[in-house]
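*Asks:* One structure coming up, written as structure tokens, with questions to follow.
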Number of protein chains: 2
Amino acid sequence: MTTPKLNLLTYLPAWSWLKHYNKQSFKSDLLSAFIVIAMLVPQGMAYAIVAGLPPITGLYASVLPMMIYALIGGSPTLSIGPVALISMMTFATLNPLFELGSSAYIEAACLLAILVGLISLLLGIFKFGFLIRLISHPVIKSFIIASAVLIALSQVKLLLHIPLKIDNLPNFFYSFWQYKEQIHWPSLIFGICAILFLLFVPKLLQSSLISRRFNSNWINLFIKTTPLWLIIVAIFAIQKLGLIDLGIATVGAIPSGFPPLGLPIWNLDLVVQLLPGAAMIAMVSFVESISIAQATALQNRRELNSNQELIALGLANISAGVSASFPVTGSLSRTVVNADAGAKSPISGFLSSVFIVLVSLYFTGLFYYLPLVVLAATIMVSIWKLVDFKPFIETWHYSKADGIAMWITFFAVLFIDISAGLIIGVVTTFILLLWRISRPHIAVIGQIEGTEHFRNIHRHDAITLAKIISIRIDESLSFLNINSLKEFIIQEVSNNSSLQHVILNCSSVSSIDLSAVETLEDINIDLGKLGIQLHLSEVKGPVMDKLQHAVLLQQLRGKVFLTHYQAVAYLKQQMQQQELSKSHHY
Amino acid sequence: MTTPKLNLLTYLPAWSWLKHYNKQSFKSDLLSAFIVIAMLVPQGMAYAIVAGLPPITGLYASVLPMMIYALIGGSPTLSIGPVALISMMTFATLNPLFELGSSAYIEAACLLAILVGLISLLLGIFKFGFLIRLISHPVIKSFIIASAVLIALSQVKLLLHIPLKIDNLPNFFYSFWQYKEQIHWPSLIFGICAILFLLFVPKLLQSSLISRRFNSNWINLFIKTTPLWLIIVAIFAIQKLGLIDLGIATVGAIPSGFPPLGLPIWNLDLVVQLLPGAAMIAMVSFVESISIAQATALQNRRELNSNQELIALGLANISAGVSASFPVTGSLSRTVVNADAGAKSPISGFLSSVFIVLVSLYFTGLFYYLPLVVLAATIMVSIWKLVDFKPFIETWHYSKADGIAMWITFFAVLFIDISAGLIIGVVTTFILLLWRISRPHIAVIGQIEGTEHFRNIHRHDAITLAKIISIRIDESLSFLNINSLKEFIIQEVSNNSSLQHVILNCSSVSSIDLSAVETLEDINIDLGKLGIQLHLSEVKGPVMDKLQHAVLLQQLRGKVFLTHYQAVAYLKQQMQQQELSKSHHY
């Protein structure tokens, strides 16, 4: 719809602010970058664990992708990086293929990110962005809720320190039953303490401190960065109180330095195996990212091209793949915090990247004593907020079809697995959409007394005529629904032996495909054999343009009328004249 | 849409004529049955060969199915039985699994018919008839043309008497190259003579005899039954002229008697293997049958329930499976001949069945010397008429999307195989349909001077206002296209900084799914943050009913207007008042 501009700024959309940038903006960006980092460090490591990868890769995943997106992405404040859902999908894709923690697994995660990136990139370049909108809200909501349950359960593994299976609920409970004797109680107790810390410290801060009139901005900052404080407290507890002797697993030694750059080893077989997973991750990551980007774009009154977003997301993922990490997308929580903290431009994202590099260069040693259960607790608390059954009830209330799609997705994710769940959900929405389109609303319409309006005779008290039937179809005509119209006409014709004219009101028909045109041609001919004329009324401009290329208009035994009122008036008059000339003959 | 009636005649739809039946009707039915038989005997045997089965099974395939359909089918004159396309699909399904001509192959054909029948039956019972309309006209046309090419080529095998592969074009030419030394010339010459007979005898009859004033009805009868005369001539030539010694293959000994009844041997593995093929055959056979039945139903001014047709077709196929034959459907050519010959009722179909039984009881011996090349010639001549490239040009001219689907189907059938071709064609149509729905026509509309009409500002000279934008979307709103609308609004808002009101004209919106409602809620909130109000106008009754279940109407910052004119008039007045009160303040 927009004409392409040969302007570099079109391809660097986030940089239009540059001319207004000043010292004040930089201060805001610096502050928001700090806050984002305080969230990103624990989240990054935690989501790496969800993906089945070493915690450091979660930090790597935030460096290059953030820089790339800052450069070419459409939303200046969008914070890209590891996200729980995408990490879980990464795990679900890689877990069946490789041993968890093996170097093949880690290599494959990089390859997966590159594939996700390539798919997004190609779809963006060839403007196939629409393909990726195939997921309806009910399906994505249900998918997120069901995945959140699985993600939360996956952390139970760390909490109990037993090798639980988490691909679906039955396997989870079965493996829990198998290993229930081996639960490591110190880890569990430590984990429960961490969960309680995360749940109650923000509440205490909110209730007690605010009443004592501290600066509420700082309180909010504290609340948002609770996981960071928990990490500091936990490291201190493990290291200084000697809790390490209890056998609680910690992050351990992390190689410090820049993210290692390089292409992962790949072969065609592996690419083929990873491709379906990569396609689904690309789809979900785009759906997640675009809605965040759109909200921020609208607030800044800026255009957002979804194909361009796909390209940005694609390059971000490729950069994740070549810098030893895993698939990434826009994070809603961090974007909100970033914007609230006053981020003004992509400089904020840049600064975040730089800080992460500093952390991985100089501070990885700090995490040696960080217990894994603390990261697990962080994930469980943040993810459990997503588990909410109200959407199921609301959706069911609004529409049974959407509700069915939602429940099917939910159960498919929990009882089969995360990938099958998404596919089944998407396929279900399509079948239901096709079902709806194939059952269009078709009404016999009649004239409302004293007006030129024609309405459904079952809803309104309208005038009908014995020899003329007016039919309105409330849907564009295509191969999916034209047969319903044909059946409707056959039925009306078979029930009314005095019928002479069928007028099809096309006011709701926005397009008409060849199958529909040909079926109308058949109907016209078949009705003609019975001496019945087919007429069209209120045909829209674009549809009329289309019909010029078909034989229907030449063969049509009836006429095409501008308004339905004109059609009925003309036919009534014509019939009266015929009656008259007949009576003259006798 | 029809209320169910507890009336036996509803379930025996073809029997409503019974009260008007008389001796004259019976005479018509008897004559048309004779004519149909004269076509059916050669066609049945020929199509059995196409399916890779013994010729006699083609006769069996016409007995029970015809009786069953006559009893419960919706069209009194529809002639059900073996059809070239379905036979080819049967061959394509069974050929990769079993050795041609083996008893396992023959058993599997019965099982396939039963599966086709069960699928149709279940779809009909659960009223899933709509699922089977998934094939658009361009796809089915292209599929038929490409299959006709393959069917014609498959008969080259008999003509040349070499084991050609016919699953796709490359394999055909490759195997032809391999076996080209082994061509059996007497068969080829005999076959060419048969083809010439079929091509020129009807023409000669038409041109010479009509001019000599023979009864043209008899001439037409002769023309329609040319294959039968060819068979008689050929049998005579082989038997009496001693051509058998040349090594021309003949039908040989056929067991006479009733069609053997019984369930084929089956196991779950085989069922699973045959299921995809069976589903496709069910789909194609329904598509073929329903269009024929609809045309005849309309001529008789009778209703036709497509779910009931599915049930009839399902039972017909099950009966084919238990009587040692293969999948069947309605035959267009025989139905036309049957109706033209004056068939008045299902009695005609019954009589045809009875005649076929008589043939298989007493006359199978006649076919001993019938050369297979004659049957091959019959198939080639009848099928080659279907190979026509005009539809490709016409379709391309009407719509590029339909044209693309058509060419993709055509090449997929010829270069991969018949099943893959159909699936690829159907999937292509869906992707193109989704693509179209996801790119709805969205227009900024303005008032036509002096009227209350609002039209597309790019097509008409219409009045627009700086602070109000009127947007019309020409499609029902769903998850597939709501994002296009959102992008459109973001773009318009970003281009017009003085905007205060967005009015969405919903006159073409016939339904709205939850994803669309929620996105509108987001748009409403996001616009609200910018001080812009979202309004709706001309919302249809059913859509308004639906919106009562959503929070959109409560949250909406703007209003819902009955007509677009009212909306603009109200907002203009409101803004003028605000201006006035502002100027009063100063």
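Labeling convention for the structure tokens: chains A, B, ... as they appear, residues from 1 per chain, ligands from 1 in order of appearance.
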For chain B, list the residues within 7 Å of chain A, counting only C-alpha atoms, and write the list as an NGL selection string.
*Replies:* :B and (130 or 133-134 or 136-137 or 295 or 298-299 or 301-303 or 397-398 or 402 or 438 or 474-475 or 479-480 or 490-491 or 493-494 or 508 or 510 or 514-515 or 526 or 549-550)
*Asks:* With N, CA and C atoms retained, could you export that selection as an mmCIF file, in the first residue's frame?
*Replies:*
data_model
loop_
_atom_site.group_PDB
_atom_site.id
_atom_site.type_symbol
_atom_site.label_atom_id
_atom_site.label_comp_id
_atom_site.auth_asym_id
_atom_site.auth_seq_id
_atom_site.Cartn_x
_atom_site.Cartn_y
_atom_site.Cartn_z
ATOM 1 N N PHE B 130 -19.481 -30.290 3.857
ATOM 2 C CA PHE B 130 -18.761 -29.088 3.414
ATOM 3 C C PHE B 130 -17.264 -29.367 3.231
ATOM 4 N N ARG B 133 -16.030 -30.080 -0.176
ATOM 5 C CA ARG B 133 -16.070 -29.044 -1.217
ATOM 6 C C ARG B 133 -14.775 -28.270 -1.266
ATOM 7 N N LEU B 134 -13.728 -28.865 -0.714
ATOM 8 C CA LEU B 134 -12.473 -28.135 -0.598
ATOM 9 C C LEU B 134 -11.784 -27.965 -1.943
ATOM 10 N N SER B 136 -11.496 -26.572 -5.546
ATOM 11 C CA SER B 136 -12.056 -25.505 -6.380
ATOM 12 C C SER B 136 -12.180 -25.986 -7.825
ATOM 13 N N HIS B 137 -12.980 -25.292 -8.609
ATOM 14 C CA HIS B 137 -13.130 -25.660 -10.023
ATOM 15 C C HIS B 137 -11.804 -25.712 -10.774
ATOM 16 N N ALA B 295 -27.545 -30.773 -11.160
ATOM 17 C CA ALA B 295 -28.117 -30.333 -12.432
ATOM 18 C C ALA B 295 -29.436 -31.055 -12.695
ATOM 19 N N LEU B 298 -32.239 -29.864 -10.196
ATOM 20 C CA LEU B 298 -32.805 -28.555 -10.515
ATOM 21 C C LEU B 298 -33.795 -28.680 -11.674
ATOM 22 N N GLN B 299 -33.454 -29.524 -12.688
ATOM 23 C CA GLN B 299 -34.354 -29.697 -13.822
ATOM 24 C C GLN B 299 -35.684 -30.271 -13.374
ATOM 25 N N ARG B 301 -36.913 -29.685 -10.435
ATOM 26 C CA ARG B 301 -37.370 -28.821 -9.348
ATOM 27 C C ARG B 301 -37.462 -29.583 -8.044
ATOM 28 N N ARG B 302 -36.439 -30.355 -7.749
ATOM 29 C CA ARG B 302 -36.452 -31.084 -6.490
ATOM 30 C C ARG B 302 -35.249 -30.677 -5.645
ATOM 31 N N GLU B 303 -35.452 -30.698 -4.331
ATOM 32 C CA GLU B 303 -34.356 -30.379 -3.422
ATOM 33 C C GLU B 303 -33.293 -31.456 -3.487
ATOM 34 N N HIS B 397 -6.935 -15.794 -17.543
ATOM 35 C CA HIS B 397 -7.485 -14.517 -17.932
ATOM 36 C C HIS B 397 -8.389 -13.957 -16.840
ATOM 37 N N TYR B 398 -9.161 -14.848 -16.191
ATOM 38 C CA TYR B 398 -10.088 -14.379 -15.158
ATOM 39 C C TYR B 398 -9.369 -13.995 -13.879
ATOM 40 N N ASP B 402 -6.362 -18.195 -9.457
ATOM 41 C CA ASP B 402 -6.958 -19.451 -9.922
ATOM 42 C C ASP B 402 -6.075 -20.100 -10.983
ATOM 43 N N SER B 438 -6.267 -12.472 3.776
ATOM 44 C CA SER B 438 -5.365 -11.721 4.646
ATOM 45 C C SER B 438 -4.970 -10.378 4.035
ATOM 46 N N ASP B 474 -13.483 -4.195 3.301
ATOM 47 C CA ASP B 474 -14.421 -4.981 2.486
ATOM 48 C C ASP B 474 -14.262 -6.474 2.711
ATOM 49 N N GLU B 475 -14.336 -6.903 3.943
ATOM 50 C CA GLU B 475 -14.151 -8.335 4.225
ATOM 51 C C GLU B 475 -14.607 -8.558 5.660
ATOM 52 N N PHE B 479 -8.783 -13.320 12.354
ATOM 53 C CA PHE B 479 -7.354 -13.277 12.705
ATOM 54 C C PHE B 479 -6.482 -13.121 11.471
ATOM 55 N N LEU B 480 -7.006 -13.531 10.316
ATOM 56 C CA LEU B 480 -6.185 -13.476 9.112
ATOM 57 C C LEU B 480 -5.985 -12.060 8.593
ATOM 58 N N ILE B 490 -2.454 2.345 11.787
ATOM 59 C CA ILE B 490 -1.181 2.887 12.287
ATOM 60 C C ILE B 490 -0.589 3.839 11.246
ATOM 61 N N GLN B 491 -0.646 3.413 9.981
ATOM 62 C CA GLN B 491 -0.093 4.227 8.905
ATOM 63 C C GLN B 491 -0.827 5.556 8.778
ATOM 64 N N VAL B 493 -2.632 7.091 11.035
ATOM 65 C CA VAL B 493 -2.416 7.916 12.222
ATOM 66 C C VAL B 493 -1.037 8.561 12.166
ATOM 67 N N SER B 494 -0.051 7.788 11.692
ATOM 68 C CA SER B 494 1.301 8.330 11.661
ATOM 69 C C SER B 494 1.449 9.420 10.596
ATOM 70 N N SER B 508 -19.408 -4.008 5.222
ATOM 71 C CA SER B 508 -19.073 -5.270 4.548
ATOM 72 C C SER B 508 -18.620 -6.344 5.529
ATOM 73 N N SER B 510 -19.387 -9.184 7.800
ATOM 74 C CA SER B 510 -20.483 -10.099 8.101
ATOM 75 C C SER B 510 -20.222 -10.935 9.339
ATOM 76 N N LEU B 514 -12.861 -13.600 17.544
ATOM 77 C CA LEU B 514 -12.334 -13.058 18.794
ATOM 78 C C LEU B 514 -11.020 -12.324 18.568
ATOM 79 N N SER B 515 -10.165 -12.861 17.700
ATOM 80 C CA SER B 515 -8.885 -12.206 17.439
ATOM 81 C C SER B 515 -9.121 -10.797 16.918
ATOM 82 N N ASP B 526 -4.982 1.944 22.255
ATOM 83 C CA ASP B 526 -3.782 2.630 21.766
ATOM 84 C C ASP B 526 -4.118 3.996 21.172
ATOM 85 N N HIS B 549 -21.115 -9.737 23.471
ATOM 86 C CA HIS B 549 -20.376 -10.641 24.350
ATOM 87 C C HIS B 549 -18.930 -10.203 24.566
ATOM 88 N N ALA B 550 -18.533 -9.074 24.016
ATOM 89 C CA ALA B 550 -17.137 -8.649 24.123
ATOM 90 C C ALA B 550 -17.055 -7.329 24.883
#
*Asks:* Set the distance at 12 Å and use only C-alpha atoms: which residues neighbour Val568 in chain B once local chain neighbours fewer than 5 positions away are removed? I'd like the list as number ranges by chain.
*Replies:* B: 445-447, 452-454, 463-465, 467-471, 501-505, 535-537, 559-563, 573-575
*Asks:* Applying 9 Å and only C-alpha atoms, which residues near range 164-166 of chain B remain after dropping the ones on its own chain fewer than 5 positions away? List them as a PyMOL selection string.
*Replies:* chain B and resi 150-151+153-154+156-157+171-176+178-179
*Asks:* Take the residues that were just selected and, keeping N, CA and C atoms, output them as a short mmCIF file (atom, residue, chain, number, x, y, z; two decimals), in the first residue's frame.
*Replies:*
data_model
loop_
_atom_site.label_atom_id
_atom_site.label_comp_id
_atom_site.auth_asym_id
_atom_site.auth_seq_id
_atom_site.Cartn_x
_atom_site.Cartn_y
_atom_site.Cartn_z
N LEU B 150 -2.67 -38.89 -18.33
CA LEU B 150 -2.07 -40.11 -17.78
C LEU B 150 -2.89 -41.35 -18.14
N ILE B 151 -4.23 -41.22 -18.11
CA ILE B 151 -5.07 -42.38 -18.45
C ILE B 151 -4.84 -42.78 -19.91
N LEU B 153 -2.20 -42.22 -21.69
CA LEU B 153 -0.87 -42.83 -21.79
C LEU B 153 -0.86 -44.25 -21.23
N SER B 154 -1.68 -44.47 -20.17
CA SER B 154 -1.69 -45.80 -19.56
C SER B 154 -2.17 -46.85 -20.56
N VAL B 156 -1.52 -46.78 -23.72
CA VAL B 156 -0.44 -47.03 -24.67
C VAL B 156 0.25 -48.36 -24.33
N LYS B 157 0.26 -48.67 -23.04
CA LYS B 157 0.81 -49.93 -22.56
C LYS B 157 0.18 -51.13 -23.27
N ASN B 171 8.65 -41.09 -15.78
CA ASN B 171 8.74 -42.56 -15.74
C ASN B 171 8.18 -43.19 -17.00
N PHE B 172 7.10 -42.60 -17.55
CA PHE B 172 6.52 -43.14 -18.77
C PHE B 172 7.54 -43.13 -19.90
N PHE B 173 8.16 -41.97 -20.09
CA PHE B 173 9.10 -41.87 -21.21
C PHE B 173 10.34 -42.72 -20.98
N TYR B 174 10.77 -42.78 -19.72
CA TYR B 174 11.94 -43.60 -19.42
C TYR B 174 11.67 -45.07 -19.73
N SER B 175 10.49 -45.57 -19.29
CA SER B 175 10.20 -46.99 -19.53
C SER B 175 9.93 -47.24 -21.01
N PHE B 176 9.37 -46.24 -21.69
CA PHE B 176 9.17 -46.39 -23.14
C PHE B 176 10.53 -46.57 -23.81
N GLN B 178 13.23 -47.74 -22.52
CA GLN B 178 13.78 -49.05 -22.16
C GLN B 178 13.21 -50.19 -23.01
N TYR B 179 11.88 -50.12 -23.26
CA TYR B 179 11.20 -51.27 -23.88
C TYR B 179 10.87 -51.04 -25.35
#
*Asks:* So that I can check the secondary structure, give me every residue of range 350-550 of chain A assigned strand (DSSP E) by backbone DSSP, as a ChimeraX atom specification.
*Replies:* /A:442-448,454-456,462-463,468-473,501-505,533-537
*Asks:* If you take only C-alpha atoms and a cut-off of 8 Å, which residues of range 2-118 of chain B touch range 278-288 of chain B, and what are their nearest atom pairs and distances in Å to one decimal, in chain and number order, as CSV?
*Replies:*
residue,atom,partner,partner_atom,distance
B:Ile86,CA,B:Ile281,CA,6.5
B:Met89,CA,B:Ile281,CA,6.7
B:Thr90,CA,B:Ile281,CA,7.6
B:Leu112,CA,B:Ala278,CA,6.1
B:Ala113,CA,B:Ala278,CA,7.6
B:Leu115,CA,B:Ala278,CA,6.0
B:Val116,CA,B:Ala278,CA,4.9
B:Gly117,CA,B:Ala282,CA,7.4
*Asks:* Quick one: write out the picked residues with N, CA and C atoms as a PDB file, in the first residue's frame?
*Replies:*
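See out-v2.pdb below for the written result:
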ATOM      1  N   ILE B  86     -11.848 -42.090 -11.464  1.00  0.00           N
ATOM      2  CA  ILE B  86     -11.813 -42.814 -10.191  1.00  0.00           C
ATOM      3  C   ILE B  86     -11.032 -44.117 -10.363  1.00  0.00           C
ATOM      4  N   MET B  89      -7.446 -43.276 -10.235  1.00  0.00           N
ATOM      5  CA  MET B  89      -7.032 -43.010  -8.858  1.00  0.00           C
ATOM      6  C   MET B  89      -6.901 -44.310  -8.076  1.00  0.00           C
ATOM      7  N   THR B  90      -7.792 -45.253  -8.375  1.00  0.00           N
ATOM      8  CA  THR B  90      -7.706 -46.568  -7.745  1.00  0.00           C
ATOM      9  C   THR B  90      -6.376 -47.226  -8.109  1.00  0.00           C
ATOM     10  N   LEU B 112     -10.579 -50.898  -0.715  1.00  0.00           N
ATOM     11  CA  LEU B 112     -10.519 -49.467  -1.018  1.00  0.00           C
ATOM     12  C   LEU B 112     -11.927 -48.907  -1.241  1.00  0.00           C
ATOM     13  N   ALA B 113     -12.751 -49.661  -1.987  1.00  0.00           N
ATOM     14  CA  ALA B 113     -14.124 -49.207  -2.233  1.00  0.00           C
ATOM     15  C   ALA B 113     -14.889 -49.084  -0.916  1.00  0.00           C
ATOM     16  N   LEU B 115     -13.607 -48.531   2.043  1.00  0.00           N
ATOM     17  CA  LEU B 115     -13.103 -47.365   2.785  1.00  0.00           C
ATOM     18  C   LEU B 115     -13.646 -46.061   2.203  1.00  0.00           C
ATOM     19  N   VAL B 116     -13.643 -45.969   0.879  1.00  0.00           N
ATOM     20  CA  VAL B 116     -14.216 -44.786   0.227  1.00  0.00           C
ATOM     21  C   VAL B 116     -15.662 -44.625   0.681  1.00  0.00           C
ATOM     22  N   GLY B 117     -16.383 -45.753   0.704  1.00  0.00           N
ATOM     23  CA  GLY B 117     -17.785 -45.727   1.113  1.00  0.00           C
ATOM     24  C   GLY B 117     -17.947 -45.292   2.555  1.00  0.00           C
TER      25      GLY B 117
END
*Asks:* Would you mind writing down, as number ranges by chain, each residue of range 426-570 of chain A that DSSP on the backbone assigns to alpha helix (DSSP H)?
*Replies:* A: 426-438, 482-495, 514-529, 541-547, 552-555, 564-570
*Asks:* Give me the residues near Gly314 in chain A as a short mmCIF file (atom, residue, chain, number, x, y, z; two decimals) with N, CA and C atoms, in the first residue's frame, where near means some atom within 6 Å (using only C-alpha atoms) and where sequence neighbours in that chain fewer than 4 positions away do not count.
*Replies:*
data_model
loop_
_atom_site.label_atom_id
_atom_site.label_comp_id
_atom_site.auth_asym_id
_atom_site.auth_seq_id
_atom_site.Cartn_x
_atom_site.Cartn_y
_atom_site.Cartn_z
N GLY A 117 16.15 -17.56 11.78
CA GLY A 117 16.48 -16.27 11.18
C GLY A 117 16.30 -16.29 9.67
N LEU A 118 16.78 -17.36 9.03
CA LEU A 118 16.66 -17.44 7.56
C LEU A 118 15.20 -17.49 7.14
N SER A 120 12.55 -16.31 8.75
CA SER A 120 11.97 -14.97 8.94
C SER A 120 12.45 -14.04 7.84
N LEU A 121 13.74 -14.10 7.57
CA LEU A 121 14.34 -13.21 6.58
C LEU A 121 13.71 -13.41 5.20
N LEU A 310 9.96 -8.64 10.03
CA LEU A 310 10.41 -10.02 9.82
C LEU A 310 11.89 -10.05 9.46
#
*Asks:* Between CA of Leu520 in chain A and CA of Ile423 in chain B, what is the distance, to one decimal in Å?
*Replies:*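 Atom-to-atom, CA of Leu520 in chain A and CA of Ile423 in chain B are spaced 26.0 Å apart.
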*Asks:* List the neighbours of Thr226 in chain A out to 8 Å using only C-alpha atoms; skip same-chain residues closer than 5 positions along the sequence, and give me the result as a PyMOL selection string.
*Replies:* chain A and resi 198+201-202
*Asks:* With N, CA and C atoms kept, could you save the residues just selected as a PDB file, in the first residue's frame?
*Replies:*
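Full text of out04.pdb as output:
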ATOM      1  N   LEU A 198      10.782 -14.213  46.102  1.00  0.00           N
ATOM      2  CA  LEU A 198      10.292 -13.531  44.901  1.00  0.00           C
ATOM      3  C   LEU A 198       8.831 -13.121  45.031  1.00  0.00           C
ATOM      4  N   VAL A 201       8.860 -10.410  48.832  1.00  0.00           N
ATOM      5  CA  VAL A 201       9.667  -9.193  48.942  1.00  0.00           C
ATOM      6  C   VAL A 201       9.028  -8.019  48.172  1.00  0.00           C
ATOM      7  N   PRO A 202       8.578  -8.242  46.909  1.00  0.00           N
ATOM      8  CA  PRO A 202       7.943  -7.110  46.211  1.00  0.00           C
ATOM      9  C   PRO A 202       6.712  -6.607  46.960  1.00  0.00           C
TER      10      PRO A 202
END
*Asks:* Can you work out which one of A:Leu123, A:Met66, A:Ala320, A:Val359 has the shortest atom-to-atom distance to Ile254 in chain A, counting only C-alpha atoms?
*Replies:*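 Result for the nearest residue to Ile254 in chain A: A:Val359.
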*Asks:* Work out how far apart CA of Leu85 in chain B and CA of Ala46 in chain B are and give it in Å to one decimal.
*Replies:*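 Separation between CA of Leu85 in chain B and CA of Ala46 in chain B: 12.0 Å.
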*Asks:* Pick out the closest residue to Thr250 in chain B from this set: B:Ile162, B:Cys506, B:Leu332, B:Leu370. Count only C-alpha atoms.
*Replies:*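 Of B:Ile162, B:Cys506, B:Leu332, B:Leu370, the one nearest Thr250 in chain B is B:Leu370, counting only C-alpha atoms.
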*Asks:* What does the structure give for the distance between CA of Met88 in chain B and CA of Gly44 in chain B, in Å to one decimal?
*Replies:*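 Computing it gives 13.1 Å between the two atoms.
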*Asks:* Counting only C-alpha atoms, what is within 12 Å of range 265-270 of chain B, bar same-chain residues fewer than 6 positions away, as an MDAnalysis selection string?
*Replies:* chainID B and resid 93:94 97:98 103:112 114:115 276:278 321:322 324
*Asks:* Can I get the selected residues back with N, CA and C atoms, as a tab-separated table (two decimals), in the first residue's frame?
*Replies:*
chain	number	residue	atom	x	y	z
B	93	THR	N	-3.51	-45.62	-6.34
B	93	THR	CA	-3.42	-45.97	-4.91
B	93	THR	C	-2.87	-47.38	-4.72
B	94	LEU	N	-3.31	-48.32	-5.57
B	94	LEU	CA	-2.96	-49.73	-5.36
B	94	LEU	C	-1.63	-50.12	-5.99
B	97	LEU	N	1.52	-50.57	-4.00
B	97	LEU	CA	1.45	-51.50	-2.86
B	97	LEU	C	1.45	-52.97	-3.27
B	98	PHE	N	0.84	-53.28	-4.41
B	98	PHE	CA	0.69	-54.69	-4.79
B	98	PHE	C	1.07	-54.91	-6.24
B	103	SER	N	-3.94	-61.46	-6.64
B	103	SER	CA	-5.22	-61.51	-5.93
B	103	SER	C	-5.22	-60.50	-4.79
B	104	ALA	N	-4.03	-60.20	-4.23
B	104	ALA	CA	-3.96	-59.19	-3.18
B	104	ALA	C	-4.41	-57.82	-3.71
B	105	TYR	N	-4.02	-57.54	-4.95
B	105	TYR	CA	-4.40	-56.28	-5.61
B	105	TYR	C	-5.92	-56.21	-5.73
B	106	ILE	N	-6.52	-57.32	-6.17
B	106	ILE	CA	-7.97	-57.33	-6.40
B	106	ILE	C	-8.72	-57.19	-5.07
B	107	GLU	N	-8.22	-57.91	-4.04
B	107	GLU	CA	-8.83	-57.80	-2.71
B	107	GLU	C	-8.73	-56.36	-2.20
B	108	ALA	N	-7.55	-55.76	-2.41
B	108	ALA	CA	-7.33	-54.40	-1.90
B	108	ALA	C	-8.25	-53.40	-2.59
B	109	ALA	N	-8.59	-53.67	-3.87
B	109	ALA	CA	-9.51	-52.78	-4.58
B	109	ALA	C	-10.87	-52.78	-3.90
B	110	CYS	N	-11.32	-53.97	-3.44
B	110	CYS	CA	-12.60	-54.08	-2.74
B	110	CYS	C	-12.53	-53.30	-1.43
B	111	LEU	N	-11.41	-53.52	-0.70
B	111	LEU	CA	-11.25	-52.83	0.57
B	111	LEU	C	-11.25	-51.32	0.35
B	112	LEU	N	-10.58	-50.90	-0.71
B	112	LEU	CA	-10.52	-49.47	-1.02
B	112	LEU	C	-11.93	-48.91	-1.24
B	114	ILE	N	-14.68	-50.06	-0.02
B	114	ILE	CA	-15.37	-50.01	1.27
B	114	ILE	C	-14.92	-48.79	2.07
B	115	LEU	N	-13.61	-48.53	2.04
B	115	LEU	CA	-13.10	-47.37	2.79
B	115	LEU	C	-13.65	-46.06	2.20
B	276	PRO	N	-5.34	-42.62	2.94
B	276	PRO	CA	-5.19	-41.34	2.23
B	276	PRO	C	-5.76	-41.40	0.81
B	277	GLY	N	-5.47	-42.49	0.10
B	277	GLY	CA	-6.02	-42.67	-1.24
B	277	GLY	C	-7.54	-42.69	-1.21
B	278	ALA	N	-8.08	-43.43	-0.22
B	278	ALA	CA	-9.54	-43.54	-0.11
B	278	ALA	C	-10.17	-42.17	0.13
B	321	GLY	N	-17.68	-52.61	-2.83
B	321	GLY	CA	-16.61	-53.33	-2.14
B	321	GLY	C	-16.99	-54.75	-1.76
B	322	VAL	N	-18.24	-54.95	-1.35
B	322	VAL	CA	-18.63	-56.31	-0.93
B	322	VAL	C	-19.06	-57.16	-2.11
B	324	ALA	N	-17.10	-57.61	-4.93
B	324	ALA	CA	-15.91	-57.92	-5.73
B	324	ALA	C	-15.58	-56.88	-6.79
